[in-house]
file my_file_17.pdb (PDB, C-alpha atoms, pLDDT in the B column)
ATOM      1  CA  MET A   1      21.474  36.750  46.693  1.00 96.00           C
ATOM      2  CA  ALA A   2      25.174  37.371  47.237  1.00 95.00           C
ATOM      3  CA  GLU A   3      24.456  39.638  50.198  1.00 95.00           C
ATOM      4  CA  ALA A   4      22.344  36.959  51.873  1.00 96.00           C
ATOM      5  CA  ILE A   5      24.828  34.170  51.197  1.00 97.00           C
ATOM      6  CA  LEU A   6      27.926  36.025  52.396  1.00 96.00           C
ATOM      7  CA  ASN A   7      26.193  37.352  55.492  1.00 95.00           C
ATOM      8  CA  LYS A   8      25.217  33.763  56.360  1.00 96.00           C
ATOM      9  CA  LEU A   9      28.456  31.959  55.424  1.00 95.00           C
ATOM     10  CA  GLY A  10      30.710  34.717  56.701  1.00 93.00           C
ATOM     11  CA  ALA A  11      28.727  35.581  59.822  1.00 90.00           C
ATOM     12  CA  GLY A  12      30.964  37.491  62.202  1.00 85.00           C
ATOM     13  CA  LYS A  13      33.718  37.729  59.592  1.00 93.00           C
ATOM     14  CA  PHE A  14      31.990  39.786  56.877  1.00 94.00           C
ATOM     15  CA  ARG A  15      29.161  42.261  56.483  1.00 93.00           C
ATOM     16  CA  ALA A  16      27.925  42.115  52.907  1.00 94.00           C
ATOM     17  CA  HIS A  17      25.914  44.641  50.914  1.00 92.00           C
ATOM     18  CA  SER A  18      24.413  44.150  47.459  1.00 92.00           C
ATOM     19  CA  ALA A  19      23.858  46.965  45.023  1.00 91.00           C
ATOM     20  CA  GLY A  20      23.565  47.458  41.308  1.00 87.00           C
ATOM     21  CA  SER A  21      24.301  49.965  38.602  1.00 85.00           C
ATOM     22  CA  GLN A  22      20.645  50.120  37.577  1.00 85.00           C
ATOM     23  CA  PRO A  23      18.484  49.144  40.558  1.00 87.00           C
ATOM     24  CA  LYS A  24      14.898  48.257  39.732  1.00 89.00           C
ATOM     25  CA  GLY A  25      13.405  49.672  42.939  1.00 90.00           C
ATOM     26  CA  GLN A  26      12.542  46.285  44.433  1.00 93.00           C
ATOM     27  CA  VAL A  27      14.266  42.967  44.988  1.00 95.00           C
ATOM     28  CA  HIS A  28      13.168  40.500  42.308  1.00 95.00           C
ATOM     29  CA  PRO A  29      10.228  38.440  43.644  1.00 96.00           C
ATOM     30  CA  GLU A  30      11.882  35.181  42.524  1.00 97.00           C
ATOM     31  CA  THR A  31      14.973  36.041  44.583  1.00 97.00           C
ATOM     32  CA  ILE A  32      12.779  36.552  47.639  1.00 97.00           C
ATOM     33  CA  ARG A  33      10.897  33.279  46.992  1.00 97.00           C
ATOM     34  CA  LEU A  34      14.106  31.292  46.567  1.00 98.00           C
ATOM     35  CA  LEU A  35      15.896  32.738  49.598  1.00 98.00           C
ATOM     36  CA  GLN A  36      12.853  32.391  51.869  1.00 97.00           C
ATOM     37  CA  GLY A  37      12.479  28.782  50.708  1.00 97.00           C
ATOM     38  CA  LEU A  38      16.093  28.205  51.761  1.00 97.00           C
ATOM     39  CA  GLY A  39      15.502  29.690  55.206  1.00 96.00           C
ATOM     40  CA  TYR A  40      16.977  33.168  54.731  1.00 96.00           C
ATOM     41  CA  ASP A  41      15.425  36.175  56.455  1.00 94.00           C
ATOM     42  CA  THR A  42      14.698  38.588  53.602  1.00 95.00           C
ATOM     43  CA  SER A  43      12.910  41.258  55.627  1.00 92.00           C
ATOM     44  CA  GLY A  44      15.756  43.782  55.412  1.00 92.00           C
ATOM     45  CA  PHE A  45      16.471  43.398  51.708  1.00 94.00           C
ATOM     46  CA  ARG A  46      15.999  46.353  49.394  1.00 94.00           C
ATOM     47  CA  SER A  47      17.053  47.427  45.939  1.00 94.00           C
ATOM     48  CA  LYS A  48      20.097  49.741  46.133  1.00 93.00           C
ATOM     49  CA  SER A  49      22.302  51.691  43.748  1.00 92.00           C
ATOM     50  CA  TRP A  50      26.010  51.066  43.984  1.00 88.00           C
ATOM     51  CA  ASN A  51      26.416  54.851  44.145  1.00 88.00           C
ATOM     52  CA  GLU A  52      25.131  54.581  47.722  1.00 90.00           C
ATOM     53  CA  PHE A  53      28.475  52.948  48.610  1.00 88.00           C
ATOM     54  CA  ALA A  54      30.624  55.514  46.812  1.00 87.00           C
ATOM     55  CA  ARG A  55      29.337  58.527  48.775  1.00 87.00           C
ATOM     56  CA  PRO A  56      31.068  60.161  51.719  1.00 85.00           C
ATOM     57  CA  GLY A  57      30.014  58.412  54.907  1.00 87.00           C
ATOM     58  CA  ALA A  58      29.282  55.115  53.147  1.00 88.00           C
ATOM     59  CA  PRO A  59      30.336  51.889  54.852  1.00 86.00           C
ATOM     60  CA  SER A  60      34.008  51.120  54.301  1.00 87.00           C
ATOM     61  CA  LEU A  61      34.460  48.270  51.804  1.00 91.00           C
ATOM     62  CA  ASP A  62      37.315  45.777  51.821  1.00 93.00           C
ATOM     63  CA  PHE A  63      36.135  43.863  48.724  1.00 94.00           C
ATOM     64  CA  THR A  64      33.786  44.557  45.832  1.00 91.00           C
ATOM     65  CA  PHE A  65      32.636  41.850  43.450  1.00 91.00           C
ATOM     66  CA  THR A  66      30.632  42.328  40.294  1.00 86.00           C
ATOM     67  CA  VAL A  67      28.535  39.230  39.759  1.00 86.00           C
ATOM     68  CA  CYS A  68      26.254  39.823  36.788  1.00 73.00           C
ATOM     69  CA  ASP A  69      27.816  39.143  33.409  1.00 66.00           C
ATOM     70  CA  ASN A  70      26.421  42.389  32.009  1.00 61.00           C
ATOM     71  CA  ALA A  71      28.207  44.370  34.784  1.00 55.00           C
ATOM     72  CA  ALA A  72      31.657  43.288  33.589  1.00 55.00           C
ATOM     73  CA  GLY A  73      31.832  46.027  30.971  1.00 63.00           C
ATOM     74  CA  GLU A  74      30.421  48.806  33.140  1.00 67.00           C
ATOM     75  CA  THR A  75      32.574  51.445  34.769  1.00 72.00           C
ATOM     76  CA  CYS A  76      32.299  51.083  38.533  1.00 72.00           C
ATOM     77  CA  PRO A  77      32.319  54.058  40.868  1.00 75.00           C
ATOM     78  CA  VAL A  78      35.488  54.932  42.734  1.00 76.00           C
ATOM     79  CA  TRP A  79      35.032  53.078  45.997  1.00 78.00           C
ATOM     80  CA  PRO A  80      36.248  54.769  49.197  1.00 79.00           C
ATOM     81  CA  GLY A  81      39.192  52.901  50.706  1.00 79.00           C
ATOM     82  CA  GLN A  82      40.118  51.290  47.377  1.00 81.00           C
ATOM     83  CA  PRO A  83      38.780  47.789  48.119  1.00 91.00           C
ATOM     84  CA  MET A  84      40.088  44.730  46.291  1.00 92.00           C
ATOM     85  CA  THR A  85      37.869  43.962  43.313  1.00 89.00           C
ATOM     86  CA  ALA A  86      37.065  40.960  41.156  1.00 91.00           C
ATOM     87  CA  HIS A  87      34.458  39.994  38.592  1.00 89.00           C
ATOM     88  CA  TRP A  88      32.581  36.799  39.440  1.00 91.00           C
ATOM     89  CA  GLY A  89      30.231  36.863  36.484  1.00 88.00           C
ATOM     90  CA  ILE A  90      27.122  34.757  36.349  1.00 91.00           C
ATOM     91  CA  PRO A  91      24.164  34.986  33.976  1.00 91.00           C
ATOM     92  CA  ASP A  92      21.647  37.495  35.345  1.00 91.00           C
ATOM     93  CA  PRO A  93      18.649  35.384  36.357  1.00 94.00           C
ATOM     94  CA  ALA A  94      16.369  38.418  36.089  1.00 92.00           C
ATOM     95  CA  GLU A  95      16.953  38.245  32.332  1.00 92.00           C
ATOM     96  CA  ALA A  96      15.700  34.629  32.144  1.00 95.00           C
ATOM     97  CA  LYS A  97      12.853  33.922  29.753  1.00 96.00           C
ATOM     98  CA  GLY A  98      10.438  31.022  29.692  1.00 96.00           C
ATOM     99  CA  ASN A  99       7.815  29.459  31.881  1.00 97.00           C
ATOM    100  CA  PRO A 100       7.836  29.887  35.676  1.00 96.00           C
ATOM    101  CA  ALA A 101       9.805  26.648  36.185  1.00 96.00           C
ATOM    102  CA  GLU A 102      12.520  27.752  33.736  1.00 97.00           C
ATOM    103  CA  ILE A 103      12.791  31.154  35.391  1.00 96.00           C
ATOM    104  CA  ALA A 104      12.970  29.552  38.863  1.00 97.00           C
ATOM    105  CA  LEU A 105      15.749  27.283  37.560  1.00 97.00           C
ATOM    106  CA  ALA A 106      17.753  30.311  36.374  1.00 96.00           C
ATOM    107  CA  PHE A 107      17.558  31.753  39.900  1.00 97.00           C
ATOM    108  CA  LYS A 108      18.528  28.402  41.452  1.00 97.00           C
ATOM    109  CA  ASP A 109      21.524  28.159  39.108  1.00 96.00           C
ATOM    110  CA  ALA A 110      22.620  31.699  40.017  1.00 95.00           C
ATOM    111  CA  TYR A 111      22.267  30.864  43.708  1.00 97.00           C
ATOM    112  CA  ARG A 112      24.306  27.657  43.310  1.00 96.00           C
ATOM    113  CA  MET A 113      27.156  29.465  41.513  1.00 95.00           C
ATOM    114  CA  LEU A 114      27.203  32.317  44.015  1.00 96.00           C
ATOM    115  CA  HIS A 115      27.048  29.957  46.986  1.00 97.00           C
ATOM    116  CA  GLN A 116      29.992  27.950  45.648  1.00 96.00           C
ATOM    117  CA  ARG A 117      32.159  31.013  45.023  1.00 96.00           C
ATOM    118  CA  ILE A 118      31.232  32.786  48.240  1.00 96.00           C
ATOM    119  CA  GLY A 119      31.846  29.593  50.217  1.00 96.00           C
ATOM    120  CA  VAL A 120      35.398  29.382  48.871  1.00 96.00           C
ATOM    121  CA  PHE A 121      35.933  33.095  49.520  1.00 96.00           C
ATOM    122  CA  ALA A 122      34.616  32.903  53.106  1.00 96.00           C
ATOM    123  CA  ALA A 123      36.990  30.000  53.814  1.00 95.00           C
ATOM    124  CA  LEU A 124      40.118  31.858  52.652  1.00 95.00           C
ATOM    125  CA  PRO A 125      42.662  32.579  55.383  1.00 95.00           C
ATOM    126  CA  LEU A 126      42.629  36.297  54.653  1.00 92.00           C
ATOM    127  CA  ARG A 127      45.109  37.261  57.372  1.00 90.00           C
ATOM    128  CA  SER A 128      47.781  34.907  56.057  1.00 93.00           C
ATOM    129  CA  LEU A 129      47.583  35.917  52.379  1.00 94.00           C
ATOM    130  CA  ASP A 130      49.569  38.805  50.957  1.00 94.00           C
ATOM    131  CA  GLN A 131      47.677  41.234  48.719  1.00 92.00           C
ATOM    132  CA  LEU A 132      48.959  39.788  45.437  1.00 94.00           C
ATOM    133  CA  SER A 133      48.096  36.206  46.431  1.00 95.00           C
ATOM    134  CA  LEU A 134      44.684  37.272  47.657  1.00 95.00           C
ATOM    135  CA  GLN A 135      43.925  39.131  44.405  1.00 94.00           C
ATOM    136  CA  ALA A 136      44.922  36.007  42.437  1.00 95.00           C
ATOM    137  CA  LYS A 137      42.593  33.874  44.590  1.00 95.00           C
ATOM    138  CA  LEU A 138      39.720  36.320  44.040  1.00 95.00           C
ATOM    139  CA  LYS A 139      40.172  36.071  40.280  1.00 93.00           C
ATOM    140  CA  GLU A 140      40.361  32.263  40.472  1.00 94.00           C
ATOM    141  CA  ILE A 141      37.110  32.160  42.418  1.00 95.00           C
ATOM    142  CA  GLY A 142      35.467  34.068  39.567  1.00 92.00           C
ATOM    143  CA  ARG A 143      36.357  31.211  37.250  1.00 89.00           C
ATOM    144  CA  LEU A 144      34.771  28.516  39.439  1.00 87.00           C
ATOM    145  CA  GLY A 145      32.085  26.695  37.567  1.00 73.00           C
ATOM    146  CA  SER A 146      33.650  27.557  34.211  1.00 58.00           C
ATOM    147  CA  THR A 147      36.323  24.897  34.738  1.00 42.00           C
ATOM    148  CA  ALA A 148      36.385  21.557  36.521  1.00 38.00           C
ATOM    149  CA  ARG A 149      39.230  22.730  38.760  1.00 42.00           C
ATOM    150  CA  ALA A 150      38.614  24.103  42.243  1.00 44.00           C
ATOM    151  CA  ILE A 151      40.994  26.174  44.317  1.00 44.00           C
ATOM    152  CA  GLU A 152      42.176  25.372  47.785  1.00 47.00           C
ATOM    153  CA  PRO A 153      41.630  28.029  50.462  1.00 46.00           C
ATOM    154  CA  THR A 154      45.298  27.775  51.642  1.00 44.00           C
TER
END

call {"tool": "encode", "arguments": {"input": "my_file_17.pdb", "output": "structure tokens"}}
result
Amino acid sequence: MAEAILNKLGAGKFRAHSAGSQPKGQVHPETIRLLQGLGYDTSGFRSKSWNEFARPGAPSLDFTFTVCDNAAGETCPVWPGQPMTAHWGIPDPAEAKGNPAEIALAFKDAYRMLHQRIGVFAALPLRSLDQLSLQAKLKEIGRLGSTARAIEPT
């Protein structure tokens, strides 16, 4: 979801890639349903390991964000180029239990949280922020939704 959202909101400014520590081999069908229903082209999506982005010749990364709550405690690979990192934890919707409507709601909630955070990130004036200020903003974005306070994209 994050890949789709950032590629749409940050078109021309960012090129996003999603990957996980334990890829399942296919994108979750509910993710595909939700994104297609919102008008996203999902034809190029695939399940990827984050190790794909730590290998020689991998795309250069400027930022890496962990988004699933259960990824917060995992040791990430050493990313080439030493990108800025932040944890923007959300409940993993793939872990949702219940009837189809409850599971769909978990995916919608994850999408809403990601869209909010990525929207704030994409609006940041990256060129005018020093590294320390930018890192602080990235951490603040990860707290959006857990507090009533929003940050300004100065």

call {"tool": "resolve_selection", "arguments": {"input": "my_file_17.pdb", "expression": "the PyMOL selection byres ((chain A and resi 88) around 8)", "output": "mmCIF file with C-alpha atoms, in the coordinates of the input"}}
result
data_model
loop_
_atom_site.group_PDB
_atom_site.id
_atom_site.type_symbol
_atom_site.label_atom_id
_atom_site.label_comp_id
_atom_site.auth_asym_id
_atom_site.auth_seq_id
_atom_site.Cartn_x
_atom_site.Cartn_y
_atom_site.Cartn_z
ATOM 1 C CA PHE A 65 32.636 41.850 43.450
ATOM 2 C CA THR A 66 30.632 42.328 40.294
ATOM 3 C CA VAL A 67 28.535 39.230 39.759
ATOM 4 C CA CYS A 68 26.254 39.823 36.788
ATOM 5 C CA ALA A 86 37.065 40.960 41.156
ATOM 6 C CA HIS A 87 34.458 39.994 38.592
ATOM 7 C CA GLY A 89 30.231 36.863 36.484
ATOM 8 C CA ILE A 90 27.122 34.757 36.349
ATOM 9 C CA LYS A 139 40.172 36.071 40.280
ATOM 10 C CA ILE A 141 37.110 32.160 42.418
ATOM 11 C CA GLY A 142 35.467 34.068 39.567
ATOM 12 C CA ARG A 143 36.357 31.211 37.250
#

call {"tool": "resolve_selection", "arguments": {"input": "my_file_17.pdb", "expression": "the PyMOL selection byres ((chain A and resi 107) around 8)", "output": "list in words"}}
result
Glu30, Thr31, Leu34, Pro93, Ala94, Ile103, Ala104, Leu105, Ala106, Lys108, Asp109, Ala110 and Tyr111 of chain A

call {"tool": "atom_distance", "arguments": {"input": "my_file_17.pdb", "atom1": "atom CA of Trp50 of chain A", "atom2": "atom CA of Gly10 of chain A"}}
result
21.2 Å

call {"tool": "resolve_selection", "arguments": {"input": "my_file_17.pdb", "expression": "the PyMOL selection byres ((chain A and resi 40) around 12)", "output": "list in words"}}
result
Met1, Ala2, Glu3, Ala4, Ile5, Leu6, Asn7, Lys8, Leu9, Thr31, Ile32, Arg33, Leu34, Leu35, Gln36, Gly37, Leu38, Gly39, Asp41, Thr42, Ser43, Gly44 and Phe45 of chain A

call {"tool": "atom_distance", "arguments": {"input": "my_file_17.pdb", "atom1": "atom CA of Ala11 of chain A", "atom2": "atom CA of Pro125 of chain A"}}
result
14.9 Å

call {"tool": "atom_distance", "arguments": {"input": "my_file_17.pdb", "atom1": "atom CA of Leu138 of chain A", "atom2": "atom CA of Gly119 of chain A"}}
result
12.1 Å

call {"tool": "closest_residue", "arguments": {"input": "my_file_17.pdb", "among": "A:Ala123, A:Arg46, A:His17, A:Thr64", "to": "Met84 of chain A", "atoms": "only C-alpha atoms"}}
result
A:Thr64

call {"tool": "closest_residue", "arguments": {"input": "my_file_17.pdb", "among": "A:Met113, A:Ala16, A:Leu144, A:Val27", "to": "Asp62 of chain A", "atoms": "only C-alpha atoms"}}
result
A:Ala16

call {"tool": "residues_near_point", "arguments": {"input": "my_file_17.pdb", "point": "(33.8, 44.3, 55.0)", "cutoff": "6 Å", "atoms": "only C-alpha atoms", "output": "PyMOL selection string"}}
result
chain A and resi 14-15+61-62

call {"tool": "closest_residue", "arguments": {"input": "my_file_17.pdb", "among": "A:Ser21, A:Asn99, A:Ser133, A:Gln116", "to": "Cys76 of chain A", "atoms": "only C-alpha atoms"}}
result
A:Ser21

call {"tool": "residues_around", "arguments": {"input": "my_file_17.pdb", "residues": "Ser47 of chain A", "least_positions_apart": "2", "cutoff": "10 Å", "atoms": "all atoms listed in the file", "output": "VMD selection string"}}
result
chain A and resid 18 to 20 22 to 28 45 49 to 50

call {"tool": "closest_residue", "arguments": {"input": "my_file_17.pdb", "among": "A:Lys13, A:Phe53, A:Glu102, A:Lys48", "to": "Arg127 of chain A", "atoms": "only C-alpha atoms"}}
result
A:Lys13

call {"tool": "decode", "arguments": {"input": "my_file_17.pdb", "residues": "segment 14-75 of chain A", "atoms": "C-alpha atoms", "output": "tab-separated table (two decimals), in the first residue's frame"}}
result
chain	number	residue	atom	x	y	z
A	14	PHE	CA	9.77	10.00	-5.31
A	15	ARG	CA	10.03	6.44	-6.57
A	16	ALA	CA	8.79	4.11	-3.86
A	17	HIS	CA	9.40	0.40	-3.37
A	18	SER	CA	7.73	-1.87	-0.81
A	19	ALA	CA	9.39	-4.93	0.62
A	20	GLY	CA	9.20	-7.04	3.73
A	21	SER	CA	11.34	-9.15	5.99
A	22	GLN	CA	9.18	-12.22	5.37
A	23	PRO	CA	7.46	-11.86	2.00
A	24	LYS	CA	4.54	-14.20	1.42
A	25	GLY	CA	5.14	-14.64	-2.32
A	26	GLN	CA	2.09	-12.65	-3.40
A	27	VAL	CA	0.52	-9.31	-2.58
A	28	HIS	CA	-2.40	-9.82	-0.19
A	29	PRO	CA	-5.63	-10.10	-2.22
A	30	GLU	CA	-7.38	-7.57	0.05
A	31	THR	CA	-4.64	-5.02	-0.67
A	32	ILE	CA	-5.19	-5.50	-4.39
A	33	ARG	CA	-8.99	-5.21	-4.00
A	34	LEU	CA	-8.73	-2.03	-1.93
A	35	LEU	CA	-6.18	-0.30	-4.17
A	36	GLN	CA	-8.01	-1.22	-7.38
A	37	GLY	CA	-11.24	0.08	-5.85
A	38	LEU	CA	-9.45	3.38	-5.19
A	39	GLY	CA	-8.23	3.62	-8.78
A	40	TYR	CA	-4.63	2.45	-8.38
A	41	ASP	CA	-2.96	0.40	-11.10
A	42	THR	CA	-1.77	-2.74	-9.30
A	43	SER	CA	-0.47	-4.62	-12.33
A	44	GLY	CA	3.20	-4.19	-11.42
A	45	PHE	CA	2.91	-5.09	-7.75
A	46	ARG	CA	4.73	-8.12	-6.41
A	47	SER	CA	5.83	-9.52	-3.09
A	48	LYS	CA	9.50	-8.65	-2.42
A	49	SER	CA	12.10	-9.28	0.26
A	50	TRP	CA	13.82	-6.25	1.69
A	51	ASN	CA	17.10	-8.07	1.03
A	52	GLU	CA	16.52	-7.24	-2.65
A	53	PHE	CA	17.29	-3.60	-1.76
A	54	ALA	CA	20.41	-4.36	0.26
A	55	ARG	CA	22.28	-6.13	-2.57
A	56	PRO	CA	24.93	-4.58	-4.78
A	57	GLY	CA	23.26	-2.91	-7.74
A	58	ALA	CA	20.00	-2.30	-5.88
A	59	PRO	CA	18.24	1.03	-6.38
A	60	SER	CA	19.73	3.77	-4.23
A	61	LEU	CA	17.45	4.63	-1.30
A	62	ASP	CA	17.14	8.05	0.31
A	63	PHE	CA	14.57	6.97	2.94
A	64	THR	CA	13.42	3.68	4.43
A	65	PHE	CA	10.31	3.40	6.57
A	66	THR	CA	9.16	0.36	8.48
A	67	VAL	CA	5.39	0.44	8.65
A	68	CYS	CA	4.19	-2.77	10.26
A	69	ASP	CA	4.19	-2.78	14.04
A	70	ASN	CA	5.81	-6.22	14.13
A	71	ALA	CA	8.75	-4.90	12.03
A	72	ALA	CA	9.79	-2.41	14.71
A	73	GLY	CA	11.80	-5.00	16.62
A	74	GLU	CA	13.42	-6.63	13.60
A	75	THR	CA	16.98	-5.94	12.56
